[in-house]
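Participant: The structure file work.cif (mmCIF, C-alpha atoms and all ligand atoms) is provided below.
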```cif
data_start
#
loop_
_atom_site.label_atom_id
_atom_site.label_comp_id
_atom_site.auth_asym_id
_atom_site.auth_seq_id
_atom_site.Cartn_x
_atom_site.Cartn_y
_atom_site.Cartn_z
CA MET A 23 -35.01 -19.54 10.05
CA SER A 24 -33.64 -16.23 11.34
CA ALA A 25 -29.95 -15.61 11.97
CA GLU A 26 -30.59 -15.66 15.71
CA GLU A 27 -32.03 -19.17 15.41
CA THR A 28 -28.92 -20.57 13.76
CA SER A 29 -26.47 -22.49 15.90
CA VAL A 30 -22.71 -22.70 16.19
CA ALA A 31 -21.26 -26.06 15.18
CA ALA A 32 -17.76 -27.50 15.13
CA VAL A 33 -15.08 -25.87 13.02
CA GLY A 34 -14.53 -27.71 9.75
CA PRO A 35 -11.57 -27.75 7.41
CA ALA A 36 -11.05 -25.00 4.84
CA THR A 37 -12.92 -25.52 1.58
CA ALA A 38 -12.42 -24.27 -2.00
CA ALA A 39 -9.01 -25.85 -2.53
CA ASP A 40 -8.61 -23.93 -5.79
CA VAL A 41 -8.66 -20.59 -3.98
CA HIS A 42 -5.26 -18.95 -3.89
CA ARG A 43 -4.25 -18.08 -0.32
CA PRO A 44 -1.41 -15.63 0.13
CA GLN A 45 0.99 -16.11 3.05
CA MET A 46 2.20 -13.06 4.96
CA ASP A 47 5.74 -14.17 5.83
CA GLY A 48 4.94 -15.63 9.23
CA ARG A 49 3.03 -12.56 10.43
CA THR A 50 0.16 -13.26 12.78
CA PRO A 51 -3.25 -12.55 11.30
CA LEU A 52 -5.42 -10.05 13.14
CA LEU A 53 -8.60 -11.62 11.78
CA SER A 54 -8.98 -15.30 10.88
CA VAL A 55 -12.24 -16.41 9.32
CA ARG A 56 -12.48 -20.21 9.31
CA ASP A 57 -14.98 -22.11 7.14
CA LEU A 58 -17.72 -19.61 7.96
CA ARG A 59 -21.25 -20.65 7.06
CA LEU A 60 -24.53 -18.83 7.45
CA ARG A 61 -27.90 -20.14 6.30
CA PHE A 62 -31.20 -18.35 6.06
CA GLY A 63 -33.58 -21.30 5.72
CA GLY A 64 -32.62 -22.88 2.40
CA VAL A 65 -30.35 -19.99 1.35
CA LYS A 66 -26.61 -20.46 1.92
CA ALA A 67 -25.74 -16.79 2.36
CA VAL A 68 -22.13 -17.63 3.34
CA ASP A 69 -20.81 -21.04 2.35
CA GLY A 70 -17.37 -21.93 3.70
CA LEU A 71 -15.60 -18.53 3.75
CA THR A 72 -11.99 -18.80 4.94
CA PHE A 73 -9.47 -15.98 4.96
CA ASP A 74 -6.91 -14.18 7.10
CA ALA A 75 -6.49 -10.42 7.34
CA TYR A 76 -3.41 -8.65 8.67
CA PRO A 77 -2.69 -5.30 10.32
CA GLY A 78 -1.86 -2.58 7.80
CA GLU A 79 -3.37 -4.49 4.86
CA ILE A 80 -6.25 -3.44 2.60
CA ILE A 81 -8.53 -6.28 1.48
CA SER A 82 -11.61 -5.90 -0.70
CA VAL A 83 -14.47 -8.37 -0.69
CA ILE A 84 -16.31 -8.27 -3.98
CA GLY A 85 -19.00 -10.30 -5.73
CA PRO A 86 -22.31 -9.92 -7.53
CA ASN A 87 -25.42 -8.77 -5.64
CA GLY A 88 -26.54 -11.36 -3.10
CA ALA A 89 -23.11 -13.07 -3.04
CA GLY A 90 -23.00 -12.95 0.77
CA LYS A 91 -20.65 -10.02 1.39
CA THR A 92 -22.78 -8.13 3.92
CA SER A 93 -23.85 -11.38 5.59
CA ALA A 94 -20.16 -12.22 6.12
CA PHE A 95 -19.52 -8.73 7.56
CA ASN A 96 -22.53 -9.13 9.85
CA CYS A 97 -21.11 -12.41 11.18
CA ILE A 98 -17.65 -10.91 11.69
CA THR A 99 -19.03 -7.91 13.59
CA GLY A 100 -21.42 -9.93 15.75
CA PHE A 101 -24.73 -8.85 14.18
CA TYR A 102 -25.39 -12.40 12.94
CA ARG A 103 -24.41 -15.63 14.61
CA PRO A 104 -22.96 -18.00 11.99
CA THR A 105 -24.45 -21.44 11.42
CA SER A 106 -20.94 -22.91 11.73
CA GLY A 107 -17.27 -22.01 11.48
CA ASP A 108 -15.14 -19.76 13.62
CA ILE A 109 -13.90 -16.18 13.60
CA LEU A 110 -10.76 -15.32 15.55
CA PHE A 111 -9.94 -11.70 16.21
CA ASP A 112 -6.57 -10.95 17.80
CA GLY A 113 -6.36 -14.66 18.70
CA GLU A 114 -9.78 -14.81 20.39
CA SER A 115 -12.97 -16.44 19.07
CA ILE A 116 -15.66 -13.78 18.67
CA ILE A 117 -18.59 -15.75 17.24
CA ARG A 118 -20.54 -15.66 20.50
CA LYS A 119 -19.75 -12.04 21.32
CA LEU A 120 -22.10 -9.08 21.05
CA PRO A 121 -21.35 -6.31 18.52
CA SER A 122 -20.52 -3.89 21.36
CA SER A 123 -17.92 -6.31 22.83
CA ILE A 124 -16.38 -6.82 19.38
CA VAL A 125 -16.03 -3.05 18.99
CA LYS A 126 -14.25 -2.93 22.36
CA LEU A 127 -11.83 -5.61 21.19
CA GLY A 128 -10.87 -3.30 18.33
CA MET A 129 -13.12 -3.97 15.34
CA GLY A 130 -14.74 -0.86 13.86
CA ARG A 131 -17.27 -0.83 11.02
CA THR A 132 -19.42 1.33 8.84
CA PHE A 133 -22.69 0.31 7.19
CA GLN A 134 -24.04 0.07 3.63
CA ASN A 135 -26.63 2.71 4.56
CA VAL A 136 -25.06 5.37 6.75
CA ARG A 137 -26.14 4.90 10.37
CA MET A 138 -25.84 8.03 12.48
CA PHE A 139 -27.75 9.70 15.27
CA ARG A 140 -29.47 12.15 12.96
CA GLU A 141 -30.60 14.60 15.63
CA MET A 142 -27.18 14.75 17.31
CA THR A 143 -24.39 17.09 16.26
CA VAL A 144 -21.48 15.85 14.18
CA VAL A 145 -19.05 16.12 17.09
CA ASP A 146 -21.44 14.30 19.45
CA ASN A 147 -21.86 11.50 16.91
CA VAL A 148 -18.11 10.94 16.94
CA LYS A 149 -18.01 11.16 20.76
CA THR A 150 -20.51 8.30 21.08
CA ALA A 151 -17.79 5.93 19.86
CA MET A 152 -15.49 7.04 22.68
CA HIS A 153 -18.07 6.54 25.38
CA ALA A 154 -17.99 2.84 24.55
CA ARG A 155 -14.43 2.86 25.94
CA ILE A 156 -14.50 5.60 28.57
CA SER A 157 -16.70 4.89 31.57
CA GLN A 158 -17.69 8.09 33.33
CA ASN A 159 -18.78 7.76 36.94
CA VAL A 160 -22.53 8.48 37.15
CA PHE A 161 -22.04 10.91 40.11
CA ASP A 162 -19.33 12.77 38.20
CA ALA A 163 -21.76 13.04 35.29
CA ILE A 164 -24.67 14.31 37.41
CA LEU A 165 -22.53 16.76 39.40
CA HIS A 166 -20.39 17.81 36.40
CA THR A 167 -17.27 17.41 38.54
CA PRO A 168 -13.87 18.71 37.33
CA ARG A 169 -12.96 15.11 36.41
CA TYR A 170 -16.10 14.75 34.28
CA ARG A 171 -15.44 18.08 32.56
CA ARG A 172 -11.79 17.15 31.91
CA VAL A 173 -12.73 13.83 30.28
CA GLU A 174 -15.48 15.49 28.22
CA ARG A 175 -13.03 18.19 27.02
CA GLN A 176 -10.59 15.47 25.99
CA CYS A 177 -13.36 13.60 24.10
CA VAL A 178 -14.32 16.74 22.18
CA GLU A 179 -10.67 17.38 21.32
CA ASP A 180 -10.18 13.79 20.14
CA ALA A 181 -13.42 13.89 18.13
CA ARG A 182 -12.22 17.07 16.40
CA GLY A 183 -8.91 15.33 15.68
CA TRP A 184 -10.70 12.45 13.96
CA LEU A 185 -12.94 14.84 12.01
CA ASP A 186 -9.79 16.62 10.79
CA PHE A 187 -8.20 13.29 9.94
CA VAL A 188 -11.08 12.26 7.65
CA GLY A 189 -11.10 15.69 5.96
CA TYR A 190 -14.40 16.93 7.40
CA SER A 191 -14.49 20.68 6.78
CA LEU A 192 -18.00 21.84 7.75
CA ASP A 193 -19.28 23.06 11.13
CA GLU A 194 -18.92 20.29 13.70
CA ASP A 195 -22.02 21.56 15.53
CA LEU A 196 -24.30 20.84 12.57
CA LEU A 197 -26.82 18.09 13.11
CA ALA A 198 -25.93 14.86 11.29
CA SER A 199 -29.25 15.14 9.40
CA GLN A 200 -28.12 18.49 7.93
CA LEU A 201 -25.03 17.06 6.24
CA PRO A 202 -24.67 16.29 2.55
CA TYR A 203 -24.33 12.57 1.93
CA GLY A 204 -20.57 12.59 1.24
CA GLU A 205 -19.92 14.35 4.57
CA GLN A 206 -22.11 11.84 6.41
CA ARG A 207 -19.90 9.08 5.03
CA ARG A 208 -16.78 10.88 6.30
CA VAL A 209 -18.27 11.40 9.75
CA GLU A 210 -19.26 7.74 9.93
CA ILE A 211 -15.64 6.77 9.29
CA ALA A 212 -14.45 9.33 11.90
CA ARG A 213 -16.81 7.74 14.41
CA ALA A 214 -15.53 4.24 13.63
CA LEU A 215 -11.94 5.47 14.05
CA ALA A 216 -12.77 7.13 17.37
CA SER A 217 -13.36 3.68 18.85
CA GLN A 218 -9.61 3.10 18.21
CA PRO A 219 -9.99 0.03 16.02
CA LYS A 220 -7.20 -2.36 15.08
CA MET A 221 -9.32 -3.33 12.11
CA LEU A 222 -11.92 -1.38 10.16
CA LEU A 223 -14.67 -2.97 8.05
CA LEU A 224 -16.22 -0.62 5.50
CA ASP A 225 -19.44 -1.71 3.77
CA GLU A 226 -19.64 -0.01 0.36
CA PRO A 227 -17.86 3.18 1.46
CA ALA A 228 -17.85 4.65 -2.08
CA ALA A 229 -21.58 4.14 -2.75
CA GLY A 230 -23.19 7.46 -3.67
CA LEU A 231 -19.91 9.43 -3.73
CA ASN A 232 -18.88 11.61 -6.67
CA HIS A 233 -15.51 11.31 -8.43
CA SER A 234 -13.64 13.77 -6.23
CA GLU A 235 -15.12 12.30 -3.03
CA LYS A 236 -13.97 8.85 -4.20
CA GLN A 237 -10.42 10.17 -4.68
CA ASP A 238 -10.54 11.57 -1.13
CA LEU A 239 -11.82 8.22 0.13
CA ILE A 240 -8.94 6.34 -1.53
CA ALA A 241 -6.42 8.68 0.13
CA LEU A 242 -8.19 8.34 3.48
CA ILE A 243 -8.24 4.53 3.37
CA ARG A 244 -4.50 4.57 2.62
CA ARG A 245 -3.87 6.89 5.59
CA ILE A 246 -5.84 4.51 7.81
CA ARG A 247 -3.80 1.55 6.51
CA ASP A 248 -0.59 3.50 7.10
CA MET A 249 -1.54 3.79 10.79
CA GLY A 250 -1.28 -0.01 10.93
CA ILE A 251 -5.03 -0.58 10.95
CA GLY A 252 -6.25 -3.55 8.88
CA VAL A 253 -8.95 -2.49 6.40
CA VAL A 254 -11.52 -4.85 4.87
CA LEU A 255 -14.00 -3.30 2.49
CA ILE A 256 -16.99 -4.46 0.51
CA GLU A 257 -17.16 -2.47 -2.69
CA HIS A 258 -18.86 -2.56 -6.10
CA ASP A 259 -16.68 0.17 -7.63
CA MET A 260 -14.09 -1.98 -9.44
CA GLY A 261 -11.86 0.99 -10.29
CA LEU A 262 -11.51 1.80 -6.59
CA VAL A 263 -11.08 -1.87 -5.61
CA MET A 264 -8.34 -2.55 -8.13
CA ASN A 265 -6.59 0.72 -7.30
CA ILE A 266 -6.48 0.37 -3.54
CA SER A 267 -6.49 -3.31 -2.57
CA GLU A 268 -3.49 -5.43 -1.71
CA ARG A 269 -5.78 -8.47 -1.90
CA VAL A 270 -9.21 -9.11 -3.33
CA ILE A 271 -11.55 -11.88 -2.15
CA VAL A 272 -14.35 -12.80 -4.54
CA LEU A 273 -17.62 -14.35 -3.38
CA ASN A 274 -20.32 -15.90 -5.56
CA PHE A 275 -23.44 -17.54 -4.13
CA GLY A 276 -21.82 -17.43 -0.69
CA ARG A 277 -18.71 -19.27 -1.86
CA GLU A 278 -15.23 -17.87 -2.10
CA ILE A 279 -14.10 -18.29 -5.72
CA ALA A 280 -10.84 -16.30 -5.57
CA ASP A 281 -8.40 -14.69 -3.14
CA GLY A 282 -5.40 -12.93 -4.65
CA THR A 283 -3.87 -9.71 -5.87
CA PRO A 284 -6.03 -7.44 -8.05
CA ASP A 285 -4.17 -8.67 -11.15
CA GLU A 286 -4.65 -12.34 -10.27
CA VAL A 287 -8.33 -11.83 -9.59
CA ARG A 288 -8.90 -9.78 -12.75
CA ARG A 289 -7.57 -12.68 -14.85
CA ASN A 290 -9.35 -15.46 -12.93
CA PRO A 291 -11.78 -17.26 -15.32
CA GLN A 292 -14.24 -18.06 -12.49
CA VAL A 293 -14.37 -14.40 -11.53
CA ILE A 294 -14.89 -13.29 -15.11
CA GLU A 295 -17.69 -15.81 -15.49
CA ALA A 296 -19.37 -14.78 -12.22
CA TYR A 297 -19.44 -11.13 -13.29
CA LEU A 298 -20.43 -11.78 -16.91
CA GLY A 299 -23.16 -14.13 -15.64
CA ALA A 300 -24.42 -11.41 -13.33
CA GLU A 301 -24.52 -8.86 -16.15
CA GLU A 302 -26.37 -11.24 -18.46
CA GLY A 303 -28.84 -11.95 -15.63
CA GLU A 304 -29.45 -8.24 -15.10
CA GLU A 305 -30.13 -7.67 -18.80
CA SER A 306 -32.72 -10.40 -19.09
N1 LIG B 1 -31.81 -11.25 6.95
C1 LIG B 1 -31.90 -12.09 5.91
N2 LIG B 1 -32.90 -13.01 5.84
C2 LIG B 1 -32.97 -13.88 4.80
N3 LIG B 1 -32.12 -13.90 3.76
C3 LIG B 1 -31.13 -12.99 3.78
C4 LIG B 1 -30.97 -12.04 4.84
N4 LIG B 1 -29.87 -11.27 4.58
C5 LIG B 1 -29.38 -11.71 3.40
N5 LIG B 1 -30.13 -12.73 2.93
C6 LIG B 1 -29.88 -13.50 1.71
O1 LIG B 1 -28.55 -13.97 1.79
C7 LIG B 1 -27.91 -13.86 0.52
C8 LIG B 1 -26.66 -12.97 0.66
O2 LIG B 1 -27.09 -11.62 0.89
P1 LIG B 1 -26.07 -10.44 1.23
O3 LIG B 1 -26.88 -9.20 1.50
O4 LIG B 1 -25.13 -10.88 2.25
O5 LIG B 1 -25.31 -10.29 -0.17
P2 LIG B 1 -24.34 -9.11 -0.66
O6 LIG B 1 -23.24 -9.77 -1.39
O7 LIG B 1 -23.99 -8.24 0.48
O8 LIG B 1 -25.29 -8.34 -1.68
P3 LIG B 1 -25.27 -6.78 -2.13
O9 LIG B 1 -24.03 -6.58 -2.94
O10 LIG B 1 -26.51 -6.67 -2.95
O11 LIG B 1 -25.32 -5.96 -0.87
C9 LIG B 1 -28.94 -13.32 -0.45
O12 LIG B 1 -29.55 -14.42 -1.11
C10 LIG B 1 -29.92 -12.62 0.45
O13 LIG B 1 -31.21 -12.61 -0.12
#
```
Rewrite the coordinates I just gave you, this time as structure tokens.
Facilitator:
Amino acid sequence: MSAEETSVAAVGPATAADVHRPQMDGRTPLLSVRDLRLRFGGVKAVDGLTFDAYPGEIISVIGPNGAGKTSAFNCITGFYRPTSGDILFDGESIIRKLPSSIVKLGMGRTFQNVRMFREMTVVDNVKTAMHARISQNVFDAILHTPRYRRVERQCVEDARGWLDFVGYSLDEDLLASQLPYGEQRRVEIARALASQPKMLLLDEPAAGLNHSEKQDLIALIRRIRDMGIGVVLIEHDMGLVMNISERVIVLNFGREIADGTPDEVRRNPQVIEAYLGAEEGEES
């Protein structure tokens, strides 16, 4: 059964009673994932995921390969429709919304494999995220009216601002396909930020980066958090995860086996077993 064929059922109670759930002193969560389930035929890709995420908080979602991390992200960002459960963003259920509508509500994301318009310039790639919000009148666009030119100038200026913010230092008129991998990653984050998200989901942002690029990424994620944006990242680099996260959620076979501070998660016997099990499996 494909994801599109799955249906939305009633919201069930939270599962995994042994999972530690931090409270944020009465603050309202920006994202609430409630007993989220996603099946692909017989495979339970996501099996009862429940968590809240807050503005200005960095959460990492970790777990062995195939644990359901990307499937969960795809449900949250509207690419997959969950089999059951609910996802509230800014108080509104988003499980039936299209990815483009979810972006407009303020959820930005990047992908495991960088997705850019390869034959467009860097600055134009970033501008595409703004056009989702700014609707230019078609006659203004055809006639290149002063209004159209003013809005376009503003978009270019804003795009440059975001490129500066992420530390992009090459020519902004290069084609995306001409960029080294690390710069593509930066530009992808600039584009996600240009949609003015309240929350940013990053799928393996450190994959393929060298040591110094990872240090830059850590600083950048902190700057994004400091702007009040909630950050949720999927990451396999444990050094980066433990360094940067306020909370870590651990998935195994679609189930949430831990939710706590990096220290709590590091000492959790179920987490240790899940990772040791994965390593043993890889060796055999
Ligand atoms: N489109 C799909 N069709 C069928 N099964 C899928 C699909 N996408 C994921 N799965 C299955 O769902 C499970 C969870 O996969 P998912 O990619 O979400 O895991 P992950 O934790 O993101 O893994 P990784 O760390 O390797 O990216 C796996 O068993 C996977 O084979």
Participant: Can I get the residues close to ligand LIG 1 (chain B) as a list in words, where close means within 7 Å and we count all atoms listed in the file?
Facilitator: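 Final answer, ordered by chain and number: Ser24, Ala25, Phe62, Val65, Lys66, Ala67, Gly85, Pro86, Asn87, Gly88, Ala89, Gly90, Lys91, Thr92, Ser93, Ala94 and Gly276 of chain A.
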Participant: CA of Met264 in chain A and CA of Gln237 in chain A, how far apart in Å?
Facilitator: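 Going from CA of Gln237 in chain A over to CA of Met264 in chain A, I get 13.3 Å.
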Participant: Taking all atoms listed in the file into account, which of A:Asp248, A:Glu210, A:Asp186, A:Glu205 comes nearest Leu231 in chain A?
Facilitator: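 For Leu231 in chain A, the nearest of the given residues is A:Glu205.
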Participant: Calculate how many Å separate CA of Ile81 in chain A from CA of Ile294 in chain A, rounding to one decimal.
Facilitator: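 Separation of CA of Ile81 in chain A and CA of Ile294 in chain A: 19.1 Å.
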Participant: Could you check which of A:Arg269, A:Arg247, A:Arg277, A:Arg103 is closest to Leu71 in chain A, using all atoms listed in the file?
Facilitator: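 Looking at the shortest contact to Leu71 in chain A, the residue is A:Arg277.
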Participant: Suppose you want the space between CA of Glu179 in chain A and CA of Lys220 in chain A; what is it in Å?
Facilitator: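 Between these atoms lies a distance of 21.0 Å.
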Participant: At a cut-off of 9 Å, using only C-alpha atoms, what residues contact Thr283 in chain A? Leave out same-chain residues fewer than 4 positions from it and give the result as a list in words.
Facilitator: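 In the requested form, the answer reads Pro44, Met264, Ser267, Glu268, Arg269, Val270, Ile271, Val287 and Arg288 of chain A.
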Participant: Here is a test: counting only C-alpha atoms, which residue of A:Ala216, A:Leu262, A:Leu53, A:Ile211 is nearest to Arg137 in chain A?
Facilitator: A:Ile211
Participant: I'd like the contact shell of Gly204 in chain A - 9 Å cut-off, all atoms listed in the file, skipping same-chain residues fewer than 2 positions apart - returned as an MDAnalysis selection string.
Facilitator: chainID A and resid 201:202 206:209 230:232 235
Participant: Contacts of Leu242 in chain A at 9 Å or less, counting only C-alpha atoms, minus same-chain residues fewer than 6 places along, as a list in words?
Facilitator: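 Once the adjacent positions are removed, what remains is Phe187, Val188 and Gly189 of chain A.
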Participant: Would you list the contacts of range 143-152 of chain A as a ChimeraX atom specification, taking every protein, DNA or RNA residue within 6 Å and counting all atoms listed in the file, but skipping same-chain residues closer than 5 positions in sequence?
Facilitator: /A:181,194-198,213,216-217
Participant: Mind listing as a ChimeraX atom specification all residues within 10 Å of (-7.7, -8.5, 17.8), counting only C-alpha atoms?
Facilitator: /A:51-54,77,110-116,124,126-129,219-221
Participant: Could you take the residues named above and write them with C-alpha atoms, as a compact mmCIF listing (two decimals), keeping the file's coordinate frame?
Facilitator:
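selection-v3.txt written:
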```txt
# COMPACT_ATOMS: atom_id res chain seq x y z
CA PRO A 51 -3.25 -12.55 11.30
CA LEU A 52 -5.42 -10.05 13.14
CA LEU A 53 -8.60 -11.62 11.78
CA SER A 54 -8.98 -15.30 10.88
CA PRO A 77 -2.69 -5.30 10.32
CA LEU A 110 -10.76 -15.32 15.55
CA PHE A 111 -9.94 -11.70 16.21
CA ASP A 112 -6.57 -10.95 17.80
CA GLY A 113 -6.36 -14.66 18.70
CA GLU A 114 -9.78 -14.81 20.39
CA SER A 115 -12.97 -16.44 19.07
CA ILE A 116 -15.66 -13.78 18.67
CA ILE A 124 -16.38 -6.82 19.38
CA LYS A 126 -14.25 -2.93 22.36
CA LEU A 127 -11.83 -5.61 21.19
CA GLY A 128 -10.87 -3.30 18.33
CA MET A 129 -13.12 -3.97 15.34
CA PRO A 219 -9.99 0.03 16.02
CA LYS A 220 -7.20 -2.36 15.08
CA MET A 221 -9.32 -3.33 12.11
```
Participant: For each of A:Gly70, A:Pro121, A:Gly183, A:Pro291, take the minimum atom-to-atom distance to Ile98 in chain A, counting all atoms listed in the file, then give the residue where this is smallest.
Facilitator: A:Pro121
Participant: Scan for residues within 9 Å of the point (-22.8, -13.1, 12.4) in the coordinates of the file, using all atoms listed in the file, and reply as a ChimeraX atom specification.
Facilitator: /A:25-26,60,93-105,117-118
Participant: Keeping only C-alpha atoms, write the selected residues as a compact mmCIF listing (two decimals), in the frame of the given file.
Facilitator:
```txt
# COMPACT_ATOMS: atom_id res chain seq x y z
CA ALA A 25 -29.95 -15.61 11.97
CA GLU A 26 -30.59 -15.66 15.71
CA LEU A 60 -24.53 -18.83 7.45
CA SER A 93 -23.85 -11.38 5.59
CA ALA A 94 -20.16 -12.22 6.12
CA PHE A 95 -19.52 -8.73 7.56
CA ASN A 96 -22.53 -9.13 9.85
CA CYS A 97 -21.11 -12.41 11.18
CA ILE A 98 -17.65 -10.91 11.69
CA THR A 99 -19.03 -7.91 13.59
CA GLY A 100 -21.42 -9.93 15.75
CA PHE A 101 -24.73 -8.85 14.18
CA TYR A 102 -25.39 -12.40 12.94
CA ARG A 103 -24.41 -15.63 14.61
CA PRO A 104 -22.96 -18.00 11.99
CA THR A 105 -24.45 -21.44 11.42
CA ILE A 117 -18.59 -15.75 17.24
CA ARG A 118 -20.54 -15.66 20.50
```
Participant: Which residue gives the smallest distance to Val293 in chain A among A:Arg245, A:Ile84, A:Arg175, A:Ile251, with only C-alpha atoms counted?
Facilitator: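 Comparing A:Arg245, A:Ile84, A:Arg175, A:Ile251 against Val293 in chain A, the winner is A:Ile84.
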